[in-house]
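**Q** Next up is a structure, given as structure tokens.
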Amino acid sequence: MDPDLPCLETFVILAERGSFSETAAIQCISQPAVSQRIAKLEASTGLRLFLRTQEGLTTTREGKELLEIASRIVAEHERLGVRMSRHVREMKGIVRVMIDRSIVGERIEESLLHCMADEDRIEIVHPDEFHSWVDALDHHQVDIVVTGTFLQAGQVASLQRVELGCQRGTTLAWNRVYFDFDPGTFRFPEILRCTILVPSEKLIPGYLPFLERWCSESYGSLPPEIVAFDDEVSAREACLSGLGVLLFPGEADTRMQIETAGLGIVKTFEFLLPDAFSYSIYLRAEENAQKVLETALKINKMYREKPTLRAGA
Amino acid sequence: MNFDPLHLRAFTALMNEGSVSRASLELRTSPSNVRRIWQNLEEQLGDRLFISDESGETRPTGAAKLLDREMVALLNEIRRFEASVRRIHGNGRTLRLGADRNVFNTRHFGRLFNALRNDSRFRISFVEVTGEEGRGALEAGGCDMVFALDGTPGRRFESRELPPMRFDVACARPRDGEPVLNPSSLADLNWSLADFATNSLALDRLRKIEAGGAGSGRLCSQVQFMRWAEERPEGDTEAIVCVQPASFSRSPQVSFVPLESVAGFPLCVTYLKQHPYEFLPVITDQMERALKTPPDGSRSALS
């Protein structure tokens with residue numbers, strides 16, 4: 001017998017989801033192809049793996065036993081890819097940098113590519129391709145992460161952090177045509193009656209869950225709609241066109257260059273959240289690859305020496 | 001980086017065999033296919049994996065050795081998977097036989113059950129499946145083989161007829177000196193036929209017995225028959241033609257004598273054509289052999 005990896009993968013997903021159609025969608029194959037792969041695996045093992053009962057699909061006792069090993073095989077296969085791509089990067093001195101989709105991030109990306117020497121080999125990726133940037137860094141899928149975070153998000157022992165900037169409080173901004181709040185008398189609970197525009201977990205990790213908890217615990221309700229953005233440019237567009245009230249941690253108005261657009265702007269919670277937003281470079285704590293450290297230093301230096309990277313201008 | 005499993009297999013073969021031609025034999029594919037995979041992998045890794053000399057021998061580079069080393073964990077898990085499968089096979093796979101309660105409770109089924117019970121390839125269990133449920137139970141995997149008077153139609157199923165279940169006559173009064181009965185011996189008795197499945201089939205058998213010179217009989221249900229046989233038979237009924245049950249809840253107050261010359265109820269076995277157990281057709285042959293009625297002498301020893 002020669003267990004066929006694609007069949008094992010289908011087996012693991014089907015056991016987890018319990019639905020042929022969902023499994024087909026995840027694997028990007030047709031539903032009959034899912035059944036066929038399961039039939040093939042059942043034939044090659046000579047065992048029944050699933051029972052199709054009225055309540056749905058369940059694994060048999062043998063299926064359960066094999067499922068455990070099959071999941072390990074699938075995970076090992078994935079890890080092999082990760083380990084090998086890390087070796088390839090190390091061998092060729094490629095540094096893979098993940099940069100968030102903030103406006104500052106885009107500028108860093110631009111000038112990093114711009115001032116790259118010929119022998120430098122830098123690959124730039126964005127958070128949307130990964131499940132979580134902390135895991136991506138831990139599992140060597142990337143070498144450096146440049147991102148904004150809320151409070152302590154991302155401060156874990158396995159990572160080291162170089163803080164580029166730190167901002168307090170939270171910023172609210174709205175289009176005055178649609179929302180006639182007076183910035184002088186604005187009170188935070190007003191947002192419970194508006195659509196709010198917030199950074200997603202990919203843009204500023206930690207903020208959205210905090211906000212949801214804050215709203216439900218302090219005011220007992222959530223805004224009618226919460227729209228999360230993976231990048232600052234679309235969040236800014238949405239705010240300017242009046243889709244909702246923008247709610248971003250730190251000095252979002254200057255970061256996103258909306259202070260001159262005639263919006264209503266309020267800053268609040270400066271004392272409650274003194275270190276709300278930080279923009280930092282993250283590396284693995286045990287990192288010792290010369291190229292990676294050099295690149296991190298370069299980003300740090302670039303950020304500090306070029307005020308144009310930070311300010312609105 | 002995501003490695004195609006087929007590529008990994010080709011890589012392992014190249015690593016072990018040390019030449020494209022030998023690897024292609026091992027993989028049962030063409031050398032050009034192996035060469036194409038080799039090239040794909042090198043592109044993916046951006047590095048040479050093997051260096052080949054004029055005689056076609058391939059030597060692994062550092063990168064190949066690295067990949068080979070990194071694959072150890074994966075291969076170990078695969079081996080563990082294979083070992084688990086082998087262990088489950090070694091302990092015997094569960095074989096669920098599904099049948100109606102009435103079919104199960106016959107000496108006929110008992111013989112079939114015992115013919116398979118000691119086979120080390122599987123462990124037998126019995127699942128009660130009434131009438132219409134058989135098809136669903138096979139499709140759902142609730143049981144592996146279903147036994148019934150008729151097969152299950154459908155192109156996914158394989159149905160085979162097994163030796164039929166023979167009729168006995170349950171007699172209220174012992175009939176000494178008669179090893180078998182003919183339908184004509186029923187002529188002056190008040191008799192019924194116990195029906196445990198399909199009415200039309202039982203009716204057909206009833207007509208046949210009557211045509212054999214048995215006068216006229218009636219149909220009764222298996223439940224009625226069992227009650228009649230267990231309680232002291234009183235009233236009009238003097239004999240019931242039946243498939244002899246394997247067990248009663250109380251000891252039967254009747255004696256059984258085989259009925260000659262009329263075929264009993266048929267027995268069919270059905271299973272999925274695409275069943276993971278490869279041995280189902282073989283054990284069907286085995287069951288058939290076990291059930292082939294031995295000569296009369298040994299049959300009376302059974303009843």
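Residues in the structure tokens are named by chain (A, B, ... in the order shown) and by number from 1 within that chain; ligands are numbered from 1 in the order shown.
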Kindly provide, as a PyMOL selection string, the residues of chain A having any atom no farther than 10 Å from an atom of chain B, counting only C-alpha atoms.
**A** chain A and resi 1-6+39-54+56-57+60+62+65-89+91-92+141
**Q** Among segment 19-252 of chain A, which residues carry a DSSP assignment of helix (DSSP H, G or I), reported as a ChimeraX atom specification?
**A** /A:20-27,31-45,61-92,103-114,127-129,133-138,188-193,207-219,232-240,252
**Q** I need the chosen residues saved as a compact mmCIF listing (two decimals), in the first residue's frame, with C-alpha atoms.
**A**
# COMPACT_ATOMS: atom_id res chain seq x y z
CA PHE A 20 -18.65 16.67 0.94
CA SER A 21 -19.57 20.01 -0.59
CA GLU A 22 -17.50 22.02 1.87
CA THR A 23 -14.53 19.72 1.40
CA ALA A 24 -14.82 20.04 -2.36
CA ALA A 25 -14.85 23.82 -2.08
CA ILE A 26 -11.79 23.88 0.23
CA GLN A 27 -9.81 21.55 -1.99
CA GLN A 31 -17.83 16.70 -5.11
CA PRO A 32 -17.57 13.39 -7.00
CA ALA A 33 -13.79 13.79 -6.87
CA VAL A 34 -14.01 13.97 -3.08
CA SER A 35 -16.04 10.73 -2.98
CA GLN A 36 -13.62 9.16 -5.39
CA ARG A 37 -10.60 10.03 -3.28
CA ILE A 38 -12.26 8.62 -0.18
CA ALA A 39 -13.21 5.46 -2.07
CA LYS A 40 -9.63 5.17 -3.27
CA LEU A 41 -8.26 5.52 0.24
CA GLU A 42 -10.81 3.04 1.60
CA ALA A 43 -9.85 0.58 -1.11
CA SER A 44 -6.13 0.98 -0.57
CA THR A 45 -6.41 0.56 3.19
CA ARG A 61 -13.30 3.37 14.82
CA GLU A 62 -10.58 2.47 12.33
CA GLY A 63 -11.16 5.79 10.57
CA LYS A 64 -10.59 7.65 13.82
CA GLU A 65 -7.35 5.82 14.46
CA LEU A 66 -6.02 6.47 10.96
CA LEU A 67 -7.28 10.06 10.95
CA GLU A 68 -4.88 10.92 13.73
CA ILE A 69 -1.88 9.71 11.75
CA ALA A 70 -3.22 11.14 8.51
CA SER A 71 -3.43 14.61 10.07
CA ARG A 72 0.17 14.26 11.19
CA ILE A 73 1.21 13.24 7.67
CA VAL A 74 -0.56 16.23 6.16
CA ALA A 75 0.99 18.56 8.74
CA GLU A 76 4.46 17.08 8.16
CA HIS A 77 4.05 17.58 4.43
CA GLU A 78 3.20 21.22 5.00
CA ARG A 79 6.11 21.68 7.40
CA LEU A 80 8.46 20.11 4.87
CA GLY A 81 7.54 22.86 2.42
CA VAL A 82 8.06 25.54 5.07
CA ARG A 83 11.41 24.11 6.18
CA MET A 84 12.67 23.74 2.63
CA SER A 85 11.70 27.25 1.62
CA ARG A 86 13.52 28.49 4.69
CA HIS A 87 16.63 26.53 3.67
CA VAL A 88 16.39 27.94 0.18
CA ARG A 89 16.16 31.49 1.56
CA GLU A 90 19.07 30.89 3.87
CA MET A 91 21.18 29.39 1.13
CA LYS A 92 20.55 32.27 -1.21
CA ILE A 103 0.21 53.98 4.35
CA VAL A 104 3.49 54.08 6.28
CA GLY A 105 4.04 50.44 5.40
CA GLU A 106 3.61 51.14 1.73
CA ARG A 107 6.21 53.90 1.92
CA ILE A 108 8.64 51.63 3.74
CA GLU A 109 8.11 48.99 1.10
CA GLU A 110 8.74 51.50 -1.66
CA SER A 111 11.93 52.92 -0.24
CA LEU A 112 13.19 49.50 0.76
CA LEU A 113 12.87 48.33 -2.82
CA HIS A 114 14.30 51.61 -4.00
CA PRO A 127 -0.30 39.76 5.97
CA ASP A 128 -3.33 38.75 3.89
CA GLU A 129 -1.50 35.65 2.62
CA TRP A 133 1.78 37.01 11.30
CA VAL A 134 3.07 35.74 14.67
CA ASP A 135 2.77 32.15 13.41
CA ALA A 136 4.29 33.07 10.06
CA LEU A 137 7.31 34.44 11.87
CA ASP A 138 7.50 31.55 14.33
CA PHE A 188 -18.10 57.98 22.49
CA PRO A 189 -21.41 56.03 22.82
CA GLU A 190 -22.62 57.89 19.72
CA ILE A 191 -20.71 55.36 17.64
CA LEU A 192 -23.13 52.68 18.73
CA ARG A 193 -25.60 54.28 16.33
CA TYR A 207 -7.90 46.31 18.05
CA LEU A 208 -11.15 44.85 16.71
CA PRO A 209 -11.68 42.23 19.45
CA PHE A 210 -10.83 44.86 22.08
CA LEU A 211 -13.35 47.28 20.62
CA GLU A 212 -16.10 44.69 20.44
CA ARG A 213 -15.49 43.67 24.03
CA TRP A 214 -15.34 47.31 25.13
CA CYS A 215 -18.65 48.13 23.43
CA SER A 216 -20.51 45.11 24.77
CA GLU A 217 -19.13 45.40 28.29
CA SER A 218 -19.32 49.17 28.76
CA TYR A 219 -22.40 50.01 26.71
CA GLU A 232 -5.47 51.95 5.38
CA VAL A 233 -6.09 53.36 1.92
CA SER A 234 -9.49 51.73 1.54
CA ALA A 235 -10.42 52.64 5.12
CA ARG A 236 -9.58 56.26 4.34
CA GLU A 237 -11.60 56.18 1.11
CA ALA A 238 -14.59 54.73 2.94
CA CYS A 239 -14.38 57.41 5.63
CA LEU A 240 -14.03 60.27 3.13
CA ALA A 252 -4.75 57.88 12.78
**Q** Need to verify the contact set: segment 259-266 of chain B, 8 Å, only C-alpha atoms, exclusion of same-chain residues closer than 3 positions in sequence. Can you return it as a ChimeraX atom specification?
**A** /B:149-150,161-169,180-183,201,205,208-209,241,243
**Q** Using backbone DSSP assignments, extract all strand (DSSP E or B) residues from segment 143-299 of chain B; output them as a ChimeraX atom specification.
**A** /B:145-148,157-165,168-171,181,191-195,218-221,239-242,255-259,265-272
**Q** How about saving the chosen residues, N, CA and C atoms kept, as a compact mmCIF listing (two decimals), in the first residue's frame?
**A**
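File written: selection-v7.txt
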# COMPACT_ATOMS: atom_id res chain seq x y z
N MET B 145 -22.66 -6.83 4.63
CA MET B 145 -23.39 -7.77 3.79
C MET B 145 -24.79 -7.89 4.35
N VAL B 146 -25.77 -7.95 3.45
CA VAL B 146 -27.15 -8.11 3.90
C VAL B 146 -27.69 -9.42 3.37
N PHE B 147 -28.35 -10.19 4.24
CA PHE B 147 -28.96 -11.46 3.86
C PHE B 147 -30.46 -11.30 3.87
N ALA B 148 -31.09 -11.67 2.78
CA ALA B 148 -32.53 -11.56 2.70
C ALA B 148 -33.04 -12.55 1.67
N PHE B 157 -24.73 -2.54 -6.39
CA PHE B 157 -24.76 -3.73 -5.53
C PHE B 157 -24.44 -5.01 -6.28
N GLU B 158 -23.85 -5.92 -5.56
CA GLU B 158 -23.63 -7.26 -6.07
C GLU B 158 -24.55 -8.17 -5.24
N SER B 159 -25.46 -8.87 -5.92
CA SER B 159 -26.35 -9.78 -5.20
C SER B 159 -26.09 -11.20 -5.69
N ARG B 160 -26.00 -12.12 -4.76
CA ARG B 160 -25.82 -13.52 -5.17
C ARG B 160 -26.76 -14.42 -4.40
N GLU B 161 -27.21 -15.44 -5.10
CA GLU B 161 -28.12 -16.36 -4.47
C GLU B 161 -27.33 -17.45 -3.75
N LEU B 162 -27.71 -17.74 -2.54
CA LEU B 162 -27.07 -18.80 -1.77
C LEU B 162 -28.02 -20.00 -1.76
N PRO B 163 -27.53 -21.16 -1.35
CA PRO B 163 -28.44 -22.31 -1.25
C PRO B 163 -29.67 -21.93 -0.42
N PRO B 164 -30.86 -22.35 -0.85
CA PRO B 164 -32.09 -21.92 -0.20
C PRO B 164 -32.25 -22.53 1.19
N MET B 165 -33.13 -21.91 1.96
CA MET B 165 -33.46 -22.42 3.29
C MET B 165 -34.56 -23.47 3.11
N ASP B 168 -39.13 -27.41 6.91
CA ASP B 168 -39.41 -28.53 7.80
C ASP B 168 -40.91 -28.48 8.10
N VAL B 169 -41.40 -29.57 8.58
CA VAL B 169 -42.79 -29.57 9.05
C VAL B 169 -42.75 -29.71 10.56
N ALA B 170 -43.34 -28.72 11.23
CA ALA B 170 -43.47 -28.81 12.67
C ALA B 170 -44.77 -29.55 12.96
N CYS B 171 -44.65 -30.70 13.63
CA CYS B 171 -45.83 -31.53 13.83
C CYS B 171 -46.24 -31.51 15.30
N LEU B 181 -41.03 -36.07 5.25
CA LEU B 181 -42.44 -36.06 4.88
C LEU B 181 -42.57 -35.60 3.45
N TRP B 191 -53.12 -27.94 8.18
CA TRP B 191 -51.77 -27.35 8.21
C TRP B 191 -51.71 -25.91 7.68
N SER B 192 -50.60 -25.20 8.06
CA SER B 192 -50.35 -23.84 7.57
C SER B 192 -48.91 -23.75 7.11
N LEU B 193 -48.60 -22.63 6.44
CA LEU B 193 -47.22 -22.34 6.07
C LEU B 193 -46.82 -21.05 6.79
N ALA B 194 -45.69 -21.11 7.52
CA ALA B 194 -45.22 -19.91 8.23
C ALA B 194 -44.48 -19.02 7.25
N ASP B 195 -44.96 -17.78 7.18
CA ASP B 195 -44.42 -16.82 6.20
C ASP B 195 -43.59 -15.82 6.97
N ARG B 218 -53.10 -22.97 4.92
CA ARG B 218 -53.26 -21.53 5.07
C ARG B 218 -51.89 -20.92 5.33
N LEU B 219 -51.85 -19.60 5.29
CA LEU B 219 -50.61 -18.90 5.64
C LEU B 219 -50.73 -18.41 7.08
N CYS B 220 -49.64 -18.49 7.81
CA CYS B 220 -49.63 -17.83 9.11
C CYS B 220 -48.32 -17.08 9.26
N SER B 221 -48.27 -16.14 10.18
CA SER B 221 -47.04 -15.35 10.33
C SER B 221 -46.03 -16.14 11.17
N ALA B 239 -50.10 -29.14 11.91
CA ALA B 239 -48.73 -29.06 11.40
C ALA B 239 -48.51 -27.70 10.75
N ILE B 240 -47.28 -27.21 10.87
CA ILE B 240 -46.94 -25.95 10.18
C ILE B 240 -45.64 -26.16 9.42
N VAL B 241 -45.71 -25.84 8.13
CA VAL B 241 -44.50 -25.91 7.30
C VAL B 241 -43.71 -24.64 7.56
N CYS B 242 -42.41 -24.79 7.87
CA CYS B 242 -41.64 -23.61 8.29
C CYS B 242 -40.17 -23.79 7.95
N SER B 255 -42.43 -31.52 17.07
CA SER B 255 -41.26 -32.17 16.48
C SER B 255 -41.14 -31.76 15.02
N PHE B 256 -39.89 -31.66 14.58
CA PHE B 256 -39.62 -31.19 13.23
C PHE B 256 -39.23 -32.34 12.33
N VAL B 257 -39.83 -32.38 11.16
CA VAL B 257 -39.48 -33.40 10.17
C VAL B 257 -39.27 -32.67 8.85
N PRO B 258 -38.16 -32.96 8.16
CA PRO B 258 -37.91 -32.28 6.88
C PRO B 258 -39.03 -32.54 5.88
N LEU B 259 -39.34 -31.50 5.08
CA LEU B 259 -40.33 -31.64 4.03
C LEU B 259 -39.60 -31.88 2.72
N PHE B 265 -37.50 -21.33 1.16
CA PHE B 265 -37.33 -19.93 0.80
C PHE B 265 -35.91 -19.70 0.28
N PRO B 266 -35.77 -18.84 -0.74
CA PRO B 266 -34.42 -18.54 -1.24
C PRO B 266 -33.67 -17.64 -0.25
N LEU B 267 -32.34 -17.60 -0.39
CA LEU B 267 -31.53 -16.70 0.45
C LEU B 267 -30.54 -15.99 -0.45
N CYS B 268 -30.53 -14.69 -0.36
CA CYS B 268 -29.61 -13.91 -1.18
C CYS B 268 -28.69 -13.10 -0.27
N VAL B 269 -27.46 -12.90 -0.75
CA VAL B 269 -26.55 -12.02 -0.03
C VAL B 269 -26.26 -10.84 -0.95
N THR B 270 -26.22 -9.63 -0.37
CA THR B 270 -25.95 -8.43 -1.17
C THR B 270 -24.85 -7.62 -0.49
N TYR B 271 -23.93 -7.09 -1.31
CA TYR B 271 -22.93 -6.18 -0.78
C TYR B 271 -22.58 -5.15 -1.84
N LEU B 272 -21.91 -4.09 -1.41
CA LEU B 272 -21.50 -3.03 -2.35
C LEU B 272 -20.41 -3.56 -3.26
**Q** Please compute the atom CA of Ser24 of chain B-atom CA of Phe50 of chain B distance, one decimal, in Å.
**A** 15.3 Å
**Q** Given the choices A:Ser102, A:Ser200, A:Thr170, A:Ser19, which gets closest to Glu270 of chain A if the distance is worked out from only C-alpha atoms?
**A**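 Among A:Ser102, A:Ser200, A:Thr170, A:Ser19, it is A:Thr170 that comes nearest to Glu270 of chain A.
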**Q** Atom CA of Gly264 of chain A and atom CA of Phe181 of chain A are how many Å apart?
**A**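 Interatomic distance here is 7.6 Å.
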**Q** For Ile124 of chain B, find every residue with an atom within 7 Å (counting only C-alpha atoms), except residues of its own chain fewer than 6 positions away, and show them as number ranges by chain.
**A** B: 94-96, 117
